file coords-v3.txt (compact mmCIF, C-alpha atoms)
# COMPACT_ATOMS: atom_id res chain seq x y z
CA MET U 608 20.53 -15.94 0.87
CA THR U 609 21.82 -18.31 3.56
CA ALA U 610 18.51 -19.00 5.34
CA SER U 611 16.25 -21.69 3.94
CA PRO U 612 13.74 -20.57 1.28
CA LEU U 613 10.11 -20.33 2.26
CA ARG U 614 6.79 -21.34 0.79
CA LEU U 615 4.57 -18.28 1.22
CA VAL U 616 0.86 -18.12 0.40
CA VAL U 617 -0.86 -14.73 0.35
CA LEU U 618 -4.63 -14.22 0.24
CA GLY U 619 -5.03 -10.56 -0.67
CA LEU U 620 -7.54 -8.15 -2.14
CA SER U 621 -5.94 -8.14 -5.59
CA LEU U 622 -2.67 -8.73 -7.36
CA SER U 623 -4.04 -8.92 -10.89
CA SER U 624 -5.82 -5.54 -11.03
CA SER U 625 -4.76 -2.09 -9.83
CA TRP U 626 -8.17 -0.61 -10.70
CA GLY U 627 -9.61 1.38 -7.79
CA ASN U 628 -7.17 0.10 -5.17
CA GLY U 629 -3.65 0.62 -3.88
CA HIS U 630 -3.24 -2.95 -2.70
CA ALA U 631 -2.19 -4.41 -6.05
CA THR U 632 0.91 -2.27 -6.51
CA THR U 633 1.81 -2.77 -2.84
CA TYR U 634 1.67 -6.55 -3.20
CA ARG U 635 3.45 -6.52 -6.56
CA ALA U 636 6.46 -4.60 -5.27
CA LEU U 637 6.68 -6.57 -2.01
CA LEU U 638 6.20 -10.07 -3.42
CA LYS U 639 8.46 -9.52 -6.42
CA ALA U 640 11.25 -8.51 -4.04
CA PHE U 641 10.39 -11.35 -1.66
CA ALA U 642 10.60 -13.88 -4.48
CA ALA U 643 13.94 -12.38 -5.51
CA ARG U 644 15.26 -13.47 -2.10
CA GLY U 645 14.74 -17.08 -3.21
CA HIS U 646 11.25 -17.75 -1.84
CA ALA U 647 8.28 -19.37 -3.60
CA VAL U 648 5.11 -17.27 -3.51
CA THR U 649 1.51 -18.10 -4.38
CA PHE U 650 -1.18 -15.40 -4.39
CA LEU U 651 -4.83 -16.40 -3.98
CA GLU U 652 -7.27 -13.78 -5.23
CA ARG U 653 -11.06 -13.70 -5.14
CA ASP U 654 -12.32 -13.56 -8.73
CA VAL U 655 -14.66 -10.56 -8.78
CA PRO U 656 -16.10 -8.87 -11.89
CA TRP U 657 -14.79 -5.35 -11.27
CA TYR U 658 -11.19 -6.59 -11.18
CA ALA U 659 -11.74 -9.18 -13.92
CA ALA U 660 -12.71 -6.30 -16.24
CA HIS U 661 -9.52 -4.35 -15.44
CA ARG U 662 -6.69 -6.89 -15.08
CA ASP U 663 -3.30 -5.32 -15.83
CA LEU U 664 -1.20 -8.19 -14.41
CA PRO U 665 -3.01 -11.45 -15.23
CA ASP U 666 0.15 -13.57 -15.30
CA PRO U 667 2.88 -12.32 -12.90
CA ASP U 668 6.35 -13.72 -13.49
CA PHE U 669 7.45 -13.58 -9.84
CA CYS U 670 4.73 -15.75 -8.25
CA ARG U 671 1.84 -18.06 -9.00
CA LEU U 672 -1.56 -16.38 -9.17
CA ARG U 673 -4.64 -18.50 -8.49
CA LEU U 674 -8.18 -17.15 -8.68
CA TYR U 675 -11.07 -18.60 -6.67
CA ALA U 676 -14.74 -17.79 -7.19
CA ASP U 677 -16.05 -18.38 -3.68
CA LEU U 678 -15.34 -20.09 -0.37
CA SER U 679 -16.12 -23.51 -1.80
CA GLU U 680 -13.43 -23.05 -4.45
CA LEU U 681 -11.02 -21.88 -1.76
CA GLN U 682 -11.43 -25.34 -0.23
CA ALA U 683 -9.44 -26.71 -3.19
CA GLN U 684 -6.43 -24.66 -1.97
CA ARG U 685 -6.42 -26.26 1.47
CA GLY U 686 -3.44 -28.50 0.71
CA LEU U 687 -1.43 -25.53 -0.53
CA ILE U 688 -2.24 -23.57 2.63
CA GLU U 689 -1.45 -26.52 4.89
CA ALA U 690 1.94 -27.06 3.26
CA ALA U 691 3.04 -23.41 3.35
CA ASP U 692 5.72 -22.20 5.72
CA ALA U 693 3.75 -18.98 6.13
CA VAL U 694 0.29 -17.78 5.11
CA ILE U 695 -0.74 -14.12 5.00
CA VAL U 696 -4.35 -12.93 4.87
CA GLY U 697 -4.74 -9.31 3.78
CA SER U 698 -7.20 -6.59 4.65
CA TYR U 699 -10.32 -6.04 2.53
CA VAL U 700 -10.36 -9.63 1.27
CA PRO U 701 -13.98 -10.48 0.38
CA GLU U 702 -15.56 -12.57 3.17
CA GLY U 703 -12.25 -12.07 4.94
CA ILE U 704 -13.47 -13.28 8.32
CA ALA U 705 -14.53 -16.61 6.84
CA VAL U 706 -11.32 -16.79 4.80
CA GLY U 707 -9.31 -16.06 7.93
CA ASN U 708 -11.08 -18.77 9.91
CA ARG U 709 -10.16 -21.30 7.26
CA VAL U 710 -6.54 -20.19 7.19
CA LEU U 711 -6.29 -20.23 10.97
CA SER U 712 -7.71 -23.77 10.95
CA TRP U 713 -5.72 -25.16 8.02
CA ALA U 714 -2.32 -23.49 8.15
CA ARG U 715 0.51 -25.32 9.90
CA GLY U 716 3.09 -22.59 9.38
CA VAL U 717 3.13 -18.97 10.51
CA ARG U 718 -0.30 -17.36 10.20
CA ALA U 719 -0.17 -13.62 9.60
CA PHE U 720 -2.60 -10.81 8.89
CA TYR U 721 -1.35 -7.96 6.70
CA ASP U 722 -3.37 -4.82 7.26
CA ILE U 723 -2.87 -2.26 4.50
CA ASP U 724 -5.73 -0.26 6.06
CA THR U 725 -5.02 -0.47 9.81
CA PRO U 726 -6.75 2.73 11.07
CA ILE U 727 -9.83 1.96 8.98
CA THR U 728 -9.80 -1.62 10.28
CA LEU U 729 -9.66 -0.52 13.92
CA THR U 730 -12.45 2.01 13.40
CA GLY U 731 -14.55 -0.77 11.87
CA LEU U 732 -13.75 -3.19 14.69
CA GLU U 733 -14.83 -0.64 17.30
CA ALA U 734 -18.08 -0.03 15.42
CA GLY U 735 -18.67 -3.73 14.76
CA THR U 736 -18.70 -3.15 11.01
CA CYS U 737 -15.39 -4.63 9.86
CA ALA U 738 -16.23 -7.32 7.29
CA TYR U 739 -12.75 -8.76 6.73
CA LEU U 740 -11.32 -9.23 10.24
CA GLY U 741 -12.92 -10.43 13.45
CA ARG U 742 -11.68 -8.97 16.70
CA ALA U 743 -11.18 -12.43 18.20
CA GLN U 744 -9.07 -13.47 15.22
CA ILE U 745 -6.35 -10.98 16.07
CA ARG U 746 -5.24 -13.11 19.04
CA ASP U 747 -5.06 -16.20 16.83
CA TYR U 748 -2.83 -14.79 14.11
CA ASP U 749 0.83 -15.34 15.00
CA LEU U 750 1.76 -12.01 13.46
CA TYR U 751 -0.06 -8.75 12.71
CA LEU U 752 1.72 -6.85 9.94
CA SER U 753 0.55 -3.25 9.91
CA PHE U 754 0.60 -0.56 7.24
CA THR U 755 0.59 1.84 10.22
CA GLY U 756 3.47 2.14 12.66
CA GLY U 757 3.91 4.25 15.77
CA PRO U 758 1.52 3.99 18.76
CA THR U 759 -0.97 1.87 16.80
CA LEU U 760 1.36 -1.12 17.13
CA ASP U 761 1.22 -0.90 20.94
CA ARG U 762 -2.56 -0.55 20.75
CA LEU U 763 -2.86 -3.71 18.66
CA GLU U 764 -0.95 -5.71 21.25
CA ARG U 765 -2.36 -4.06 24.38
CA ASP U 766 -6.03 -3.64 23.46
CA TYR U 767 -6.57 -6.34 20.84
CA GLY U 768 -4.24 -9.07 22.04
CA ALA U 769 -2.06 -9.37 18.94
CA PRO U 770 0.86 -11.67 19.87
CA ALA U 771 3.19 -9.53 17.76
CA ALA U 772 2.30 -6.35 15.86
CA ARG U 773 5.04 -5.28 13.48
CA PRO U 774 5.22 -2.42 10.97
CA LEU U 775 5.27 -3.30 7.28
CA TYR U 776 4.87 -0.04 5.42
CA CYS U 777 4.12 0.07 1.74
CA SER U 778 7.12 0.44 -0.54
CA VAL U 779 8.13 0.98 -4.17
CA ASP U 780 9.85 -1.02 -6.86
CA PRO U 781 12.45 1.49 -8.10
CA GLN U 782 12.67 -0.28 -11.46
CA ALA U 783 8.94 0.21 -12.00
CA TYR U 784 9.04 3.84 -10.82
CA PRO U 785 12.19 5.40 -12.29
CA ALA U 786 13.01 9.07 -12.51
CA LEU U 787 12.04 10.40 -15.95
CA ASP U 788 13.02 13.67 -17.57
CA ARG U 789 9.81 15.05 -19.11
CA GLU U 790 8.62 18.50 -20.02
CA PRO U 791 5.97 19.31 -17.37
CA ALA U 792 2.39 19.40 -18.61
CA TYR U 793 0.94 20.24 -15.17
CA ASP U 794 1.94 22.44 -12.27
CA LEU U 795 0.29 20.13 -9.70
CA SER U 796 -1.21 16.66 -10.09
CA TYR U 797 -2.93 14.08 -7.92
CA LEU U 798 -3.20 10.33 -8.45
CA GLY U 799 -5.77 8.48 -6.37
CA THR U 800 -9.17 6.81 -6.33
CA TYR U 801 -12.04 8.97 -5.08
CA SER U 802 -12.69 8.75 -1.36
CA PRO U 803 -15.16 11.02 0.49
CA ASP U 804 -12.77 11.58 3.40
CA ARG U 805 -9.91 12.57 1.08
CA GLN U 806 -12.01 14.96 -0.98
CA PRO U 807 -11.88 17.94 1.44
CA THR U 808 -8.08 17.86 1.33
CA LEU U 809 -8.11 17.55 -2.45
CA GLU U 810 -10.49 20.53 -2.51
CA ARG U 811 -8.24 22.62 -0.26
CA LEU U 812 -4.86 21.77 -1.76
CA LEU U 813 -5.66 21.35 -5.48
CA ILE U 814 -9.17 22.32 -6.59
CA GLU U 815 -9.31 25.68 -4.81
CA PRO U 816 -5.78 26.63 -5.93
CA ALA U 817 -6.88 25.77 -9.47
CA ARG U 818 -9.87 28.10 -9.14
CA ARG U 819 -7.65 30.93 -7.93
CA ALA U 820 -4.98 30.42 -10.58
CA PRO U 821 -6.60 29.83 -13.98
CA ASP U 822 -3.21 30.35 -15.64
CA LEU U 823 -1.79 27.24 -13.94
CA ARG U 824 -2.43 23.62 -14.97
CA PHE U 825 -3.66 20.80 -12.76
CA ALA U 826 -4.55 17.11 -13.17
CA VAL U 827 -6.43 14.46 -11.18
CA ALA U 828 -6.16 10.80 -12.19
CA GLY U 829 -8.28 8.06 -10.66
CA PRO U 830 -11.66 6.32 -10.89
CA GLN U 831 -14.99 6.69 -9.11
CA TYR U 832 -15.16 10.49 -8.82
CA PRO U 833 -18.82 11.62 -8.68
CA ALA U 834 -20.17 13.25 -11.81
CA ASP U 835 -21.38 16.30 -9.85
CA ILE U 836 -17.91 17.55 -8.82
CA ALA U 837 -17.42 21.05 -10.24
CA TRP U 838 -13.92 20.77 -11.66
CA PRO U 839 -12.29 24.06 -12.70
CA ALA U 840 -11.56 24.33 -16.43
CA ASN U 841 -7.80 24.10 -15.83
CA VAL U 842 -8.04 20.68 -14.13
CA THR U 843 -7.56 17.71 -16.45
CA CYS U 844 -9.43 14.62 -15.23
CA ILE U 845 -8.20 11.12 -16.14
CA ASP U 846 -10.42 8.19 -15.18
CA HIS U 847 -7.77 5.51 -14.56
CA LEU U 848 -4.07 5.01 -15.12
CA ALA U 849 -2.46 1.57 -15.07
CA PRO U 850 0.69 1.36 -12.92
CA ASP U 851 3.02 1.36 -15.91
CA ALA U 852 1.67 4.83 -16.77
CA HIS U 853 2.23 6.26 -13.27
CA PRO U 854 5.89 7.31 -13.67
CA ALA U 855 5.19 9.31 -16.82
CA PHE U 856 2.18 10.95 -15.13
CA TYR U 857 4.29 12.00 -12.15
CA ALA U 858 7.13 13.15 -14.42
CA SER U 859 4.68 15.33 -16.35
CA SER U 860 4.03 17.37 -13.18
CA ARG U 861 6.14 20.04 -11.53
CA TYR U 862 4.71 18.89 -8.19
CA THR U 863 2.38 16.07 -7.18
CA LEU U 864 -0.03 15.90 -4.24
CA ASN U 865 -0.22 13.25 -1.53
CA VAL U 866 -3.61 13.04 0.24
CA THR U 867 -4.15 10.87 3.31
CA ARG U 868 -7.44 9.37 4.50
CA ALA U 869 -8.94 10.84 7.67
CA ASP U 870 -8.54 7.73 9.83
CA MET U 871 -4.91 7.47 8.78
CA ILE U 872 -4.21 11.10 9.60
CA ALA U 873 -5.71 10.51 13.06
CA ALA U 874 -3.51 7.45 13.63
CA GLY U 875 -0.38 8.94 12.07
CA TRP U 876 2.55 6.88 10.81
CA SER U 877 0.57 5.77 7.74
CA PRO U 878 2.49 6.57 4.53
CA SER U 879 0.59 5.60 1.41
CA VAL U 880 2.05 3.58 -1.43
CA ARG U 881 1.51 6.58 -3.72
CA LEU U 882 3.84 8.68 -1.57
CA PHE U 883 6.69 6.21 -2.07
CA GLU U 884 5.96 5.76 -5.76
CA ALA U 885 5.87 9.47 -6.50
CA ALA U 886 9.03 10.10 -4.50
CA SER U 887 10.83 7.34 -6.40
CA THR U 888 10.23 9.21 -9.66
CA GLY U 889 11.87 12.32 -8.26
CA THR U 890 8.72 14.42 -8.55
CA PRO U 891 8.52 16.87 -5.61
CA LEU U 892 5.71 16.07 -3.19
CA VAL U 893 3.12 18.37 -1.67
CA SER U 894 1.30 16.68 1.22
CA ASP U 895 -1.12 17.03 4.09
CA ARG U 896 0.39 16.70 7.58
CA TRP U 897 0.24 13.79 10.02
CA ASP U 898 2.20 12.50 12.99
CA GLY U 899 5.17 10.40 11.93
CA LEU U 900 5.56 11.96 8.50
CA GLU U 901 9.00 13.23 9.54
CA THR U 902 10.13 9.62 10.08
CA ILE U 903 9.49 8.96 6.38
CA LEU U 904 10.38 12.26 4.64
CA ALA U 905 11.70 15.44 6.23
CA PRO U 906 9.26 18.37 5.87
CA ASP U 907 10.68 21.34 3.96
CA ARG U 908 13.72 19.34 2.90
CA GLU U 909 12.21 16.24 1.25
CA ILE U 910 8.48 17.06 1.19
CA LEU U 911 6.37 20.23 1.38
CA CYS U 912 3.30 20.54 3.63
CA PRO U 913 1.23 23.63 2.83
CA ASP U 914 -1.95 24.10 4.87
CA THR U 915 -3.90 26.53 2.69
CA PRO U 916 -4.64 27.17 -0.99
CA ASP U 917 -2.51 30.33 -0.85
CA ALA U 918 0.41 28.34 0.54
CA VAL U 919 0.08 25.89 -2.34
CA LEU U 920 0.08 28.72 -4.85
CA ALA U 921 3.15 30.24 -3.22
CA ILE U 922 4.97 26.95 -3.82
CA LEU U 923 3.82 26.72 -7.42
CA ARG U 924 4.60 30.35 -8.26
CA ASP U 925 7.54 31.35 -6.08
CA ARG U 926 9.78 28.33 -5.47
CA PRO U 927 12.94 28.54 -7.59
CA GLU U 928 13.37 25.75 -10.13
CA ALA U 929 16.66 24.62 -8.59
CA GLU U 930 15.01 24.22 -5.19
CA ARG U 931 12.09 22.32 -6.72
CA ARG U 932 14.49 19.84 -8.29
CA ARG U 933 16.51 19.55 -5.10
CA ILE U 934 13.43 18.62 -3.04
CA GLY U 935 12.42 15.95 -5.53
CA ALA U 936 15.92 14.48 -5.64
CA ALA U 937 16.17 14.44 -1.84
CA ALA U 938 12.86 12.56 -1.51
CA ARG U 939 13.94 10.02 -4.11
CA GLU U 940 17.24 9.46 -2.32
CA ALA U 941 15.48 8.96 1.03
CA VAL U 942 12.93 6.49 -0.34
CA LEU U 943 15.51 4.43 -2.22
CA ALA U 944 17.69 4.31 0.88
CA ARG U 945 14.97 3.10 3.29
CA HIS U 946 11.68 2.27 1.58
CA SER U 947 12.35 0.21 -1.53
CA ALA U 948 10.59 -3.11 -2.04
CA ALA U 949 13.87 -4.88 -1.30
CA HIS U 950 14.01 -3.23 2.13
CA ARG U 951 10.43 -4.23 2.83
CA ALA U 952 10.94 -7.83 1.67
CA GLU U 953 13.91 -8.13 4.03
CA GLN U 954 11.72 -6.90 6.88
CA LEU U 955 8.94 -9.36 5.98
CA ASP U 956 11.46 -12.20 5.93
CA ALA U 957 12.69 -11.22 9.40
CA HIS U 958 9.16 -10.84 10.81
CA LEU U 959 8.11 -14.29 9.56
CA ARG U 960 11.20 -15.97 11.00
CA GLU U 961 10.74 -14.15 14.31
CA ALA U 962 7.15 -15.40 14.43
CA ALA U 963 8.35 -18.95 13.71
CA ASP U 964 10.75 -18.72 16.65
CA ARG U 965 7.84 -17.88 18.95
CA ARG U 966 5.85 -20.94 17.95
CA ARG U 967 4.16 -22.94 20.70
CA PRO U 968 6.14 -25.85 22.17
CA GLY U 969 5.40 -29.03 20.27
CA ALA U 970 4.40 -27.24 17.07
CA PRO U 971 5.83 -28.79 13.89
CA PRO U 972 9.18 -27.40 12.76
CA LEU U 973 9.03 -24.62 10.20
CA PHE U 974 11.18 -23.39 7.35
CA ARG U 975 12.48 -26.75 6.20
CA GLU U 976 16.04 -27.11 4.94
CA ALA U 977 14.80 -29.11 1.95
CA PRO U 978 14.59 -27.09 -1.30
CA VAL U 979 11.26 -25.45 -2.06
CA GLU U 980 9.59 -26.52 -5.27
CA GLY U 981 10.85 -24.34 -8.08
CA VAL U 982 13.44 -22.63 -5.85
CA SER U 983 17.11 -23.38 -5.44
CA ALA U 984 18.17 -23.81 -1.84

call {"tool": "encode", "arguments": {"input": "coords-v3.txt", "output": "structure tokens"}}
result
Amino acid sequence: MTASPLRLVVLGLSLSSSWGNGHATTYRALLKAFAARGHAVTFLERDVPWYAAHRDLPDPDFCRLRLYADLSELQAQRGLIEAADAVIVGSYVPEGIAVGNRVLSWARGVRAFYDIDTPITLTGLEAGTCAYLGRAQIRDYDLYLSFTGGPTLDRLERDYGAPAARPLYCSVDPQAYPALDREPAYDLSYLGTYSPDRQPTLERLLIEPARRAPDLRFAVAGPQYPADIAWPANVTCIDHLAPDAHPAFYASSRYTLNVTRADMIAAGWSPSVRLFEAASTGTPLVSDRWDGLETILAPDREILCPDTPDAVLAILRDRPEAERRRIGAAAREAVLARHSAAHRAEQLDAHLREAADRRRPGAPPLFREAPVEGVSA
């Protein structure tokens, strides 16, 4: 890398625990690849009991992880934040508005907000219920990195005053999500935490097909599903899978289901991290539809989008095996070509440097030529 290395500090929901969230694997893939470009990364995570009880990455080897118990303990990280070339605050950070105010006050480098939940954030801002981002803060961040692309980026700049809204989709670490050759245990699987607005799609595209086809096998993996859900007998339920078990789970399925939250369907251009991870394993994807999906994976060629239970069953029963394998291989090829963590880290690097170039006249110079601590220049 010819450009000077950066000191990056990220304050995100979680890096240490993937339990009940998709943020951890998103940050892990992105920051591992960002560090591989020669940068020094520190992740600051709020120490909360539900993640403390389920930590599957307590000591990452690609960045420093520091836990803080509350806002008073965050004060001890002020020097680190002040010295950073760039600081990113993520969505859903506990007391995120207060955390953001401190970062906006302390940071001397680029100040960015990374929204891994953009449509949900904007719905909350309109309702006055968003607990992790204040509407007025959007103008103060130098850069708004958005999980959602498309028209939402224009809306962030036009209606909310973001100086620069840039897409930063989730991605996948291909080494962590390789293609595996396994004998299928399931005809259709789904991996995801329970969410009320995803449940109707899960009902339509997996649970109802399971009811109609007792000879086929299905699986749902993820925490927090209510005890009163009437699962058909041919649906295997798994409470939680750590990320290192995801590839084998996908590989054990003939097809796997991608389900998108309602706000994200409405906004479009919101591919989930699970979509990229599943595609990287070569498992063919069945998905709901949303605007912009074709910019990620081509329907009918790289991903299948049935609308009804009968359409799902037609895929499971009637698609030739050679075509099933071809669709999975095509999705894997597309994701590795455009949506790997290395691609996303390159984009993040460019977005941060672009933001630095827009700095106000008289602001201190950024991205020093001196070596970063622990990084070779």

call {"tool": "residues_around", "arguments": {"input": "coords-v3.txt", "residues": "stretch 904-920 of chain U", "least_positions_apart": "3", "cutoff": "10 Å", "atoms": "all atoms listed in the file", "output": "PDB file with C-alpha atoms, in the coordinates of the input"}}
result
ATOM      1  CA  ASP U 794       1.940  22.440 -12.270  1.00  0.00           C
ATOM      2  CA  LEU U 795       0.290  20.130  -9.700  1.00  0.00           C
ATOM      3  CA  THR U 808      -8.080  17.860   1.330  1.00  0.00           C
ATOM      4  CA  GLU U 810     -10.490  20.530  -2.510  1.00  0.00           C
ATOM      5  CA  ARG U 811      -8.240  22.620  -0.260  1.00  0.00           C
ATOM      6  CA  LEU U 812      -4.860  21.770  -1.760  1.00  0.00           C
ATOM      7  CA  LEU U 813      -5.660  21.350  -5.480  1.00  0.00           C
ATOM      8  CA  ILE U 814      -9.170  22.320  -6.590  1.00  0.00           C
ATOM      9  CA  GLU U 815      -9.310  25.680  -4.810  1.00  0.00           C
ATOM     10  CA  PRO U 816      -5.780  26.630  -5.930  1.00  0.00           C
ATOM     11  CA  ALA U 817      -6.880  25.770  -9.470  1.00  0.00           C
ATOM     12  CA  ARG U 818      -9.870  28.100  -9.140  1.00  0.00           C
ATOM     13  CA  ARG U 819      -7.650  30.930  -7.930  1.00  0.00           C
ATOM     14  CA  ALA U 820      -4.980  30.420 -10.580  1.00  0.00           C
ATOM     15  CA  LEU U 823      -1.790  27.240 -13.940  1.00  0.00           C
ATOM     16  CA  TYR U 862       4.710  18.890  -8.190  1.00  0.00           C
ATOM     17  CA  LEU U 864      -0.030  15.900  -4.240  1.00  0.00           C
ATOM     18  CA  ASN U 865      -0.220  13.250  -1.530  1.00  0.00           C
ATOM     19  CA  PRO U 878       2.490   6.570   4.530  1.00  0.00           C
ATOM     20  CA  LEU U 882       3.840   8.680  -1.570  1.00  0.00           C
ATOM     21  CA  PHE U 883       6.690   6.210  -2.070  1.00  0.00           C
ATOM     22  CA  ALA U 886       9.030  10.100  -4.500  1.00  0.00           C
ATOM     23  CA  PRO U 891       8.520  16.870  -5.610  1.00  0.00           C
ATOM     24  CA  LEU U 892       5.710  16.070  -3.190  1.00  0.00           C
ATOM     25  CA  VAL U 893       3.120  18.370  -1.670  1.00  0.00           C
ATOM     26  CA  SER U 894       1.300  16.680   1.220  1.00  0.00           C
ATOM     27  CA  ASP U 895      -1.120  17.030   4.090  1.00  0.00           C
ATOM     28  CA  ARG U 896       0.390  16.700   7.580  1.00  0.00           C
ATOM     29  CA  TRP U 897       0.240  13.790  10.020  1.00  0.00           C
ATOM     30  CA  GLY U 899       5.170  10.400  11.930  1.00  0.00           C
ATOM     31  CA  LEU U 900       5.560  11.960   8.500  1.00  0.00           C
ATOM     32  CA  GLU U 901       9.000  13.230   9.540  1.00  0.00           C
ATOM     33  CA  LEU U 923       3.820  26.720  -7.420  1.00  0.00           C
ATOM     34  CA  ARG U 924       4.600  30.350  -8.260  1.00  0.00           C
ATOM     35  CA  ASP U 925       7.540  31.350  -6.080  1.00  0.00           C
ATOM     36  CA  ARG U 926       9.780  28.330  -5.470  1.00  0.00           C
ATOM     37  CA  GLU U 930      15.010  24.220  -5.190  1.00  0.00           C
ATOM     38  CA  ARG U 933      16.510  19.550  -5.100  1.00  0.00           C
ATOM     39  CA  ILE U 934      13.430  18.620  -3.040  1.00  0.00           C
ATOM     40  CA  GLY U 935      12.420  15.950  -5.530  1.00  0.00           C
ATOM     41  CA  ALA U 936      15.920  14.480  -5.640  1.00  0.00           C
ATOM     42  CA  ALA U 937      16.170  14.440  -1.840  1.00  0.00           C
ATOM     43  CA  ALA U 938      12.860  12.560  -1.510  1.00  0.00           C
ATOM     44  CA  ARG U 939      13.940  10.020  -4.110  1.00  0.00           C
ATOM     45  CA  GLU U 940      17.240   9.460  -2.320  1.00  0.00           C
ATOM     46  CA  ALA U 941      15.480   8.960   1.030  1.00  0.00           C
ATOM     47  CA  VAL U 942      12.930   6.490  -0.340  1.00  0.00           C
TER      48      VAL U 942
END

call {"tool": "closest_atom_pairs", "arguments": {"input": "coords-v3.txt", "of": "stretch 701-760 of chain U", "to": "stretch 629-639 of chain U", "cutoff": "12 Å", "atoms": "all atoms listed in the file", "output": "tab-separated table"}}
result
residue	atom	partner	partner_atom	distance
U:Tyr721	CA	U:Tyr634	CA	10.4
U:Asp722	CA	U:His630	CA	10.1
U:Ile723	CA	U:His630	CA	7.2
U:Asp724	CA	U:His630	CA	9.5
U:Phe754	CA	U:Thr633	CA	10.4

call {"tool": "closest_residue", "arguments": {"input": "coords-v3.txt", "among": "U:Ala826, U:Ala948, U:Ala921, U:Leu651", "to": "U:Pro791", "atoms": "all atoms listed in the file"}}
result
U:Ala826

call {"tool": "atom_distance", "arguments": {"input": "coords-v3.txt", "atom1": "atom CA of U:Thr725", "atom2": "atom CA of U:Ser698"}}
result
8.3 Å

call {"tool": "residues_near_point", "arguments": {"input": "coords-v3.txt", "point": "(1.5, -20.4, 6.8)", "cutoff": "8 Å", "atoms": "all atoms listed in the file", "output": "list in words"}}
result
Leu615, Val616, Ile688, Glu689, Ala690, Ala691, Asp692, Ala693, Val694, Ile695, Ala714, Arg715, Gly716, Val717, Arg718 and Ala719 of chain U

call {"tool": "closest_residue", "arguments": {"input": "coords-v3.txt", "among": "U:Pro612, U:Ala855, U:Asn628, U:Tyr675", "to": "U:Pro830", "atoms": "only C-alpha atoms"}}
result
U:Asn628

call {"tool": "residues_around", "arguments": {"input": "coords-v3.txt", "residues": "U:Asp749", "least_positions_apart": "3", "cutoff": "9 Å", "atoms": "all atoms listed in the file", "output": "ChimeraX atom specification"}}
result
/U:717-720,745-746,769-771,962-963,965-966

call {"tool": "atom_distance", "arguments": {"input": "coords-v3.txt", "atom1": "atom CA of U:Tyr748", "atom2": "atom CA of U:Tyr767"}}
result
11.4 Å

call {"tool": "atom_distance", "arguments": {"input": "coords-v3.txt", "atom1": "atom CA of U:Arg932", "atom2": "atom CA of U:Ala840"}}
result
27.7 Å

call {"tool": "residues_around", "arguments": {"input": "coords-v3.txt", "residues": "stretch 621-625 of chain U", "least_positions_apart": "5", "cutoff": "6 Å", "atoms": "all atoms listed in the file", "output": "list in words"}}
result
Ala631, Glu652, Tyr658, His661, Arg662, Asp663, Leu664 and Pro665 of chain U

call {"tool": "build_atoms", "arguments": {"input": "coords-v3.txt", "residues": "stretch 921-929 of chain U", "atoms": "N, CA, C and O atoms", "output": "short mmCIF file (atom, residue, chain, number, x, y, z; two decimals), in the coordinates of the input"}}
result
data_model
loop_
_atom_site.label_atom_id
_atom_site.label_comp_id
_atom_site.auth_asym_id
_atom_site.auth_seq_id
_atom_site.Cartn_x
_atom_site.Cartn_y
_atom_site.Cartn_z
N ALA U 921 1.82 29.67 -3.44
CA ALA U 921 3.15 30.24 -3.22
C ALA U 921 4.23 29.25 -3.65
O ALA U 921 5.26 29.65 -4.22
N ILE U 922 4.02 27.97 -3.38
CA ILE U 922 4.97 26.95 -3.82
C ILE U 922 5.02 26.91 -5.35
O ILE U 922 6.10 26.91 -5.95
N LEU U 923 3.87 26.87 -5.97
CA LEU U 923 3.82 26.72 -7.42
C LEU U 923 4.38 27.95 -8.14
O LEU U 923 5.00 27.82 -9.21
N ARG U 924 4.18 29.12 -7.57
CA ARG U 924 4.60 30.35 -8.26
C ARG U 924 6.00 30.83 -7.87
O ARG U 924 6.72 31.38 -8.70
N ASP U 925 6.37 30.63 -6.60
CA ASP U 925 7.54 31.35 -6.08
C ASP U 925 8.76 30.48 -5.84
O ASP U 925 9.87 31.03 -5.72
N ARG U 926 8.60 29.17 -5.73
CA ARG U 926 9.78 28.33 -5.47
C ARG U 926 10.71 28.33 -6.67
O ARG U 926 10.27 28.05 -7.80
N PRO U 927 12.00 28.60 -6.47
CA PRO U 927 12.94 28.54 -7.59
C PRO U 927 13.04 27.13 -8.17
O PRO U 927 12.87 26.14 -7.45
N GLU U 928 13.30 27.04 -9.46
CA GLU U 928 13.37 25.75 -10.13
C GLU U 928 14.45 24.86 -9.53
O GLU U 928 14.26 23.65 -9.36
N ALA U 929 15.57 25.42 -9.17
CA ALA U 929 16.66 24.62 -8.59
C ALA U 929 16.23 24.00 -7.27
O ALA U 929 16.57 22.85 -6.97
#
